[in-house]
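Text of query-v4.pdb (PDB, C-alpha atoms) as supplied:
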ATOM      1  CA  MET A  31    -172.909  33.987 -77.525  1.00  0.00           C
ATOM      2  CA  SER A  32    -170.393  36.774 -76.984  1.00  0.00           C
ATOM      3  CA  MET A  33    -167.421  37.863 -79.054  1.00  0.00           C
ATOM      4  CA  ASP A  34    -165.146  36.304 -76.409  1.00  0.00           C
ATOM      5  CA  ASP A  35    -166.648  32.835 -76.845  1.00  0.00           C
ATOM      6  CA  PRO A  36    -164.584  30.077 -78.449  1.00  0.00           C
ATOM      7  CA  PRO A  37    -165.577  28.581 -81.822  1.00  0.00           C
ATOM      8  CA  GLN A  38    -168.896  26.768 -81.323  1.00  0.00           C
ATOM      9  CA  GLU A  39    -168.097  23.689 -83.407  1.00  0.00           C
ATOM     10  CA  ALA A  40    -164.781  23.052 -81.626  1.00  0.00           C
ATOM     11  CA  THR A  41    -166.396  23.539 -78.227  1.00  0.00           C
ATOM     12  CA  GLU A  42    -169.222  21.128 -79.031  1.00  0.00           C
ATOM     13  CA  ALA A  43    -166.667  18.527 -80.140  1.00  0.00           C
ATOM     14  CA  ALA A  44    -164.625  19.106 -76.974  1.00  0.00           C
ATOM     15  CA  VAL A  45    -167.673  18.598 -74.755  1.00  0.00           C
ATOM     16  CA  ALA A  46    -168.589  15.420 -76.637  1.00  0.00           C
ATOM     17  CA  GLU A  47    -165.038  14.130 -76.146  1.00  0.00           C
ATOM     18  CA  LEU A  48    -165.119  15.037 -72.443  1.00  0.00           C
ATOM     19  CA  LEU A  49    -168.350  13.068 -72.085  1.00  0.00           C
ATOM     20  CA  ARG A  50    -166.919  10.096 -73.998  1.00  0.00           C
ATOM     21  CA  LEU A  51    -163.737   9.891 -71.943  1.00  0.00           C
ATOM     22  CA  THR A  52    -165.546  10.451 -68.660  1.00  0.00           C
ATOM     23  CA  PHE A  53    -168.116   7.740 -69.349  1.00  0.00           C
ATOM     24  CA  LEU A  54    -165.313   5.338 -70.308  1.00  0.00           C
ATOM     25  CA  TRP A  55    -163.537   6.054 -67.043  1.00  0.00           C
ATOM     26  CA  ILE A  56    -166.765   5.682 -65.041  1.00  0.00           C
ATOM     27  CA  ARG A  57    -167.271   2.321 -66.750  1.00  0.00           C
ATOM     28  CA  THR A  58    -163.744   1.272 -65.800  1.00  0.00           C
ATOM     29  CA  LEU A  59    -164.167   2.362 -62.187  1.00  0.00           C
ATOM     30  CA  SER A  60    -167.529   0.633 -61.892  1.00  0.00           C
ATOM     31  CA  ALA A  61    -166.235  -2.689 -63.218  1.00  0.00           C
ATOM     32  CA  ARG A  62    -166.227  -5.637 -60.869  1.00  0.00           C
ATOM     33  CA  PRO A  63    -163.632  -5.017 -58.160  1.00  0.00           C
ATOM     34  CA  VAL A  64    -160.753  -7.402 -57.673  1.00  0.00           C
ATOM     35  CA  GLU A  65    -161.339  -9.963 -54.943  1.00  0.00           C
ATOM     36  CA  ASP A  66    -158.926  -8.620 -52.396  1.00  0.00           C
ATOM     37  CA  GLN A  67    -159.784  -4.929 -52.843  1.00  0.00           C
ATOM     38  CA  SER A  68    -160.120  -3.126 -49.533  1.00  0.00           C
ATOM     39  CA  THR A  69    -163.235  -1.365 -48.368  1.00  0.00           C
ATOM     40  CA  GLU A  70    -161.312   1.913 -48.465  1.00  0.00           C
ATOM     41  CA  ALA A  71    -160.400   1.338 -52.108  1.00  0.00           C
ATOM     42  CA  LEU A  72    -164.030   0.600 -52.966  1.00  0.00           C
ATOM     43  CA  ILE A  73    -165.155   3.761 -51.189  1.00  0.00           C
ATOM     44  CA  LYS A  74    -162.544   5.746 -53.117  1.00  0.00           C
ATOM     45  CA  ARG A  75    -163.742   4.261 -56.433  1.00  0.00           C
ATOM     46  CA  HIS A  76    -167.331   5.163 -55.582  1.00  0.00           C
ATOM     47  CA  ALA A  77    -166.301   8.739 -54.758  1.00  0.00           C
ATOM     48  CA  GLN A  78    -164.411   9.024 -58.061  1.00  0.00           C
ATOM     49  CA  ILE A  79    -167.449   7.783 -59.983  1.00  0.00           C
ATOM     50  CA  HIS A  80    -169.646  10.323 -58.235  1.00  0.00           C
ATOM     51  CA  GLU A  81    -167.175  13.137 -58.940  1.00  0.00           C
ATOM     52  CA  LEU A  82    -166.924  12.234 -62.628  1.00  0.00           C
ATOM     53  CA  ALA A  83    -170.693  11.929 -62.970  1.00  0.00           C
ATOM     54  CA  ASP A  84    -171.036  15.353 -61.351  1.00  0.00           C
ATOM     55  CA  ILE A  85    -168.759  16.855 -64.026  1.00  0.00           C
ATOM     56  CA  CYS A  86    -170.977  15.500 -66.794  1.00  0.00           C
ATOM     57  CA  HIS A  87    -174.354  16.048 -65.168  1.00  0.00           C
ATOM     58  CA  ASN A  88    -175.285  19.212 -67.122  1.00  0.00           C
ATOM     59  CA  LEU A  89    -173.221  18.686 -70.273  1.00  0.00           C
ATOM     60  CA  PRO A  90    -175.767  16.724 -72.354  1.00  0.00           C
ATOM     61  CA  GLY A  91    -178.310  19.475 -71.767  1.00  0.00           C
ATOM     62  CA  LEU A  92    -175.825  22.077 -72.978  1.00  0.00           C
ATOM     63  CA  LEU A  93    -175.506  20.143 -76.245  1.00  0.00           C
ATOM     64  CA  ASP A  94    -179.258  20.135 -76.790  1.00  0.00           C
ATOM     65  CA  PRO A  95    -179.903  21.891 -80.116  1.00  0.00           C
ATOM     66  CA  GLY A  96    -182.174  24.441 -78.445  1.00  0.00           C
ATOM     67  CA  ARG A  97    -179.561  25.339 -75.844  1.00  0.00           C
ATOM     68  CA  ARG A  98    -176.263  25.090 -77.713  1.00  0.00           C
ATOM     69  CA  HIS A  99    -176.099  28.860 -78.057  1.00  0.00           C
ATOM     70  CA  ASN A 100    -175.496  28.908 -74.271  1.00  0.00           C
ATOM     71  CA  LEU A 101    -172.713  26.308 -74.352  1.00  0.00           C
ATOM     72  CA  ALA A 102    -169.839  28.678 -73.539  1.00  0.00           C
ATOM     73  CA  ALA A 103    -171.770  30.317 -70.697  1.00  0.00           C
ATOM     74  CA  GLY A 104    -172.664  26.894 -69.314  1.00  0.00           C
ATOM     75  CA  LEU A 105    -169.060  25.774 -69.450  1.00  0.00           C
ATOM     76  CA  ARG A 106    -167.926  28.968 -67.729  1.00  0.00           C
ATOM     77  CA  TYR A 107    -170.368  28.239 -64.917  1.00  0.00           C
ATOM     78  CA  GLU A 108    -169.200  24.621 -64.721  1.00  0.00           C
ATOM     79  CA  TRP A 109    -165.578  25.779 -64.573  1.00  0.00           C
ATOM     80  CA  ARG A 110    -166.199  28.407 -61.867  1.00  0.00           C
ATOM     81  CA  THR A 111    -168.075  25.938 -59.656  1.00  0.00           C
ATOM     82  CA  SER A 112    -165.705  22.985 -60.136  1.00  0.00           C
ATOM     83  CA  SER A 113    -163.077  21.862 -57.663  1.00  0.00           C
ATOM     84  CA  GLN A 114    -159.445  21.763 -58.738  1.00  0.00           C
ATOM     85  CA  ARG A 115    -159.679  17.969 -59.119  1.00  0.00           C
ATOM     86  CA  LYS A 116    -162.614  18.347 -61.512  1.00  0.00           C
ATOM     87  CA  ARG A 117    -160.788  21.044 -63.453  1.00  0.00           C
ATOM     88  CA  ASP A 118    -157.750  18.774 -63.674  1.00  0.00           C
ATOM     89  CA  TRP A 119    -159.881  16.007 -65.194  1.00  0.00           C
ATOM     90  CA  ILE A 120    -161.525  18.389 -67.667  1.00  0.00           C
ATOM     91  CA  THR A 121    -158.196  19.844 -68.772  1.00  0.00           C
ATOM     92  CA  ALA A 122    -156.617  16.382 -69.073  1.00  0.00           C
ATOM     93  CA  CYS A 123    -159.435  15.314 -71.400  1.00  0.00           C
ATOM     94  CA  TRP A 124    -159.202  18.483 -73.441  1.00  0.00           C
ATOM     95  CA  ASP A 125    -155.394  18.353 -73.605  1.00  0.00           C
ATOM     96  CA  ARG A 126    -155.781  14.875 -75.080  1.00  0.00           C
ATOM     97  CA  ALA A 127    -158.259  16.285 -77.619  1.00  0.00           C
ATOM     98  CA  ASP A 128    -155.982  19.286 -78.341  1.00  0.00           C
ATOM     99  CA  TYR A 129    -158.768  21.719 -77.416  1.00  0.00           C
ATOM    100  CA  ASP A 130    -157.795  25.244 -76.355  1.00  0.00           C
ATOM    101  CA  TYR A 131    -159.708  25.813 -73.124  1.00  0.00           C
ATOM    102  CA  GLY A 132    -157.646  28.829 -72.022  1.00  0.00           C
ATOM    103  CA  TRP A 133    -160.699  31.049 -72.400  1.00  0.00           C
ATOM    104  CA  LEU A 134    -162.220  29.385 -69.324  1.00  0.00           C
ATOM    105  CA  SER A 135    -159.584  30.686 -66.938  1.00  0.00           C
ATOM    106  CA  GLU A 136    -159.420  34.166 -68.411  1.00  0.00           C
ATOM    107  CA  PRO A 137    -161.575  36.799 -66.757  1.00  0.00           C
ATOM    108  CA  GLU A 138    -164.478  37.818 -68.955  1.00  0.00           C
ATOM    109  CA  SER A 139    -163.503  40.799 -71.000  1.00  0.00           C
ATOM    110  CA  GLU A 140    -164.104  44.095 -69.244  1.00  0.00           C
ATOM    111  CA  GLN A 141    -164.414  45.583 -72.722  1.00  0.00           C
ATOM    112  CA  SER A 142    -167.355  43.297 -73.495  1.00  0.00           C
ATOM    113  CA  ALA A 143    -169.086  44.481 -70.330  1.00  0.00           C
ATOM    114  CA  ALA A 144    -168.383  48.119 -71.186  1.00  0.00           C
ATOM    115  CA  ASP A 145    -169.719  47.593 -74.716  1.00  0.00           C
ATOM    116  CA  SER A 146    -172.897  46.034 -73.345  1.00  0.00           C
ATOM    117  CA  ASP A 147    -173.373  48.907 -70.903  1.00  0.00           C
ATOM    118  CA  SER A 148    -172.894  51.588 -73.567  1.00  0.00           C
ATOM    119  CA  GLY A 149    -175.220  49.745 -75.955  1.00  0.00           C
ATOM    120  CA  ALA A 150    -177.917  49.563 -73.322  1.00  0.00           C
ATOM    121  CA  SER A 151    -177.696  53.282 -72.627  1.00  0.00           C
ATOM    122  CA  GLY A 152    -177.818  54.110 -76.317  1.00  0.00           C
ATOM    123  CA  GLY A 153    -174.537  55.895 -76.154  1.00  0.00           C
TER     124      GLY A 153
END

Take the structure in this file and express it as structure tokens.
Amino acid sequence: MSMDDPPQEATEAAVAELLRLTFLWIRTLSARPVEDQSTEALIKRHAQIHELADICHNLPGLLDPGRRHNLAAGLRYEWRTSSQRKRDWITACWDRADYDYGWLSEPESEQSAADSDSGASGG
């Protein structure tokens, strides 16, 4: 955990809320389709389910008590590797939860890197 990381408790709650909302939406999308739904619409629903499941794939592991100290780093990785559509979903969930996720789009502090370098050299 670095000095630039967000508050742990708020981040854990935000991830739990993201999981909750995503699973609810997956459940909605996977409900029985209406009778006259086109094949294209069904394919689109399947793709949305897959995309949402991909967002959440690593999140439960990040909440594991033995790994929670890496939560911010894991979310940074998730953010960097996510498409814009995935980021839009994540931010929509966190806007609803009033979670400040601005730290994800900020470049990691150059000062933190400089501090780490000087600490490693003993100077």

Completion exercise
Here atom CA of Ala61 of chain A and atom CA of Leu93 of chain A stand apart by 27.9 Å

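Separating atom CA of Glu65 of chain A from atom CA of Arg50 of chain A is a distance of 28.2 Å.
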
Practice task
List the residues sitting within 12 Å of (-173.6, 17.9, -67.3) in the file's frame, using only C-alpha atoms, as number ranges by chain.
Solution key: A: 45-46, 48-49, 52-53, 81-94, 101, 104-105, 107-109, 112

Completion exercise
As a check of understanding: the span from atom CA of Arg110 of chain A to atom CA of Leu59 of chain A is 26.1 Å

Practice task
Have a look at A:Ser135, A:Leu54, A:Tyr129, A:Ser60 and name the one nearest to Thr41 of chain A; count only C-alpha atoms.
Solution key: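 Comparing A:Ser135, A:Leu54, A:Tyr129, A:Ser60 against Thr41 of chain A, the winner is A:Tyr129.
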
How big is the axis-aligned box, and where does its centre sit, when it encloses all atoms of segment 97-111 of chain A listed in the file and has 6 Å added on every side, reported in Å to one decimal as AutoDock Vina command-line options?
--center_x -172.6 --center_y 27.5 --center_z -68.9 --size_x 26.0 --size_y 17.7 --size_z 30.4

Handout entry: Polymer residues at most 9 Å from Tyr131 of chain A, all atoms listed in the file, same-chain spacing of 3 or more positions, as a list in words
Key =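 The contact residues come out as Pro36, Thr41, Thr121, Trp124, Asp125, Leu134 and Ser135 of chain A.
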
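If you measure from each of A:Gln78, A:Ser68, A:Thr58, A:Gln38 to Ala103 of chain A using all atoms listed in the file, the closest one turns out to be A:Gln38.
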
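Using only C-alpha atoms, the shortest contact distance between Leu51 of chain A and any of A:Glu136, A:Gly96, A:Pro37, A:Arg126 is found at A:Arg126.
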
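Of the listed residues A:Arg75, A:His99, A:Arg106, A:Arg115, the one whose atoms come nearest to Arg62 of chain A is A:Arg75, with distances taken using all atoms listed in the file.
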
Reconstructed segment 112-134 of chain A, atom set N, CA, C and O atoms, as a compact mmCIF listing (two decimals), in the frame of the given file:
# COMPACT_ATOMS: atom_id res chain seq x y z
N SER A 112 -166.40 24.26 -60.25
CA SER A 112 -165.70 22.98 -60.14
C SER A 112 -164.51 23.07 -59.20
O SER A 112 -163.82 24.09 -59.14
N SER A 113 -164.27 21.97 -58.50
CA SER A 113 -163.08 21.86 -57.66
C SER A 113 -161.84 21.76 -58.56
O SER A 113 -161.95 21.52 -59.78
N GLN A 114 -160.68 21.89 -57.97
CA GLN A 114 -159.44 21.76 -58.74
C GLN A 114 -159.32 20.37 -59.33
O GLN A 114 -158.86 20.20 -60.46
N ARG A 115 -159.74 19.34 -58.59
CA ARG A 115 -159.68 17.97 -59.12
C ARG A 115 -160.55 17.82 -60.36
O ARG A 115 -160.16 17.19 -61.34
N LYS A 116 -161.74 18.41 -60.35
CA LYS A 116 -162.61 18.35 -61.51
C LYS A 116 -162.00 19.11 -62.68
O LYS A 116 -162.01 18.64 -63.82
N ARG A 117 -161.44 20.28 -62.39
CA ARG A 117 -160.79 21.04 -63.45
C ARG A 117 -159.62 20.27 -64.04
O ARG A 117 -159.39 20.29 -65.25
N ASP A 118 -158.88 19.57 -63.19
CA ASP A 118 -157.75 18.77 -63.67
C ASP A 118 -158.22 17.68 -64.63
O ASP A 118 -157.58 17.41 -65.65
N TRP A 119 -159.35 17.05 -64.31
CA TRP A 119 -159.88 16.01 -65.19
C TRP A 119 -160.32 16.62 -66.53
O TRP A 119 -160.00 16.10 -67.60
N ILE A 120 -161.04 17.73 -66.46
CA ILE A 120 -161.52 18.39 -67.67
C ILE A 120 -160.35 18.78 -68.55
O ILE A 120 -160.35 18.51 -69.76
N THR A 121 -159.34 19.40 -67.97
CA THR A 121 -158.20 19.84 -68.77
C THR A 121 -157.41 18.66 -69.32
O THR A 121 -156.90 18.73 -70.44
N ALA A 122 -157.32 17.57 -68.56
CA ALA A 122 -156.62 16.38 -69.07
C ALA A 122 -157.33 15.83 -70.30
O ALA A 122 -156.69 15.47 -71.29
N CYS A 123 -158.66 15.79 -70.25
CA CYS A 123 -159.44 15.31 -71.40
C CYS A 123 -159.24 16.24 -72.59
O CYS A 123 -159.06 15.79 -73.73
N TRP A 124 -159.31 17.53 -72.34
CA TRP A 124 -159.20 18.48 -73.44
C TRP A 124 -157.78 18.63 -73.95
O TRP A 124 -157.58 18.92 -75.13
N ASP A 125 -156.77 18.39 -73.10
CA ASP A 125 -155.39 18.35 -73.60
C ASP A 125 -155.24 17.19 -74.58
O ASP A 125 -154.64 17.33 -75.64
N ARG A 126 -155.83 16.07 -74.22
CA ARG A 126 -155.78 14.88 -75.08
C ARG A 126 -156.46 15.14 -76.42
O ARG A 126 -156.03 14.65 -77.46
N ALA A 127 -157.52 15.96 -76.40
CA ALA A 127 -158.26 16.28 -77.62
C ALA A 127 -157.68 17.51 -78.33
O ALA A 127 -158.20 17.92 -79.37
N ASP A 128 -156.63 18.10 -77.78
CA ASP A 128 -155.98 19.29 -78.34
C ASP A 128 -156.97 20.46 -78.47
O ASP A 128 -156.98 21.16 -79.47
N TYR A 129 -157.80 20.62 -77.45
CA TYR A 129 -158.77 21.72 -77.42
C TYR A 129 -158.21 22.85 -76.57
O TYR A 129 -157.74 22.63 -75.46
N ASP A 130 -158.28 24.07 -77.07
CA ASP A 130 -157.79 25.24 -76.36
C ASP A 130 -158.88 25.76 -75.41
O ASP A 130 -159.83 26.41 -75.83
N TYR A 131 -158.73 25.43 -74.15
CA TYR A 131 -159.71 25.81 -73.12
C TYR A 131 -159.23 27.02 -72.31
O TYR A 131 -159.83 27.35 -71.28
N GLY A 132 -158.20 27.69 -72.75
CA GLY A 132 -157.65 28.83 -72.02
C GLY A 132 -158.67 29.92 -71.74
O GLY A 132 -158.55 30.63 -70.74
N TRP A 133 -159.67 30.03 -72.58
CA TRP A 133 -160.70 31.05 -72.40
C TRP A 133 -161.49 30.86 -71.11
O TRP A 133 -162.06 31.80 -70.58
N LEU A 134 -161.48 29.64 -70.56
CA LEU A 134 -162.22 29.38 -69.32
C LEU A 134 -161.58 30.04 -68.10
O LEU A 134 -162.27 30.43 -67.18
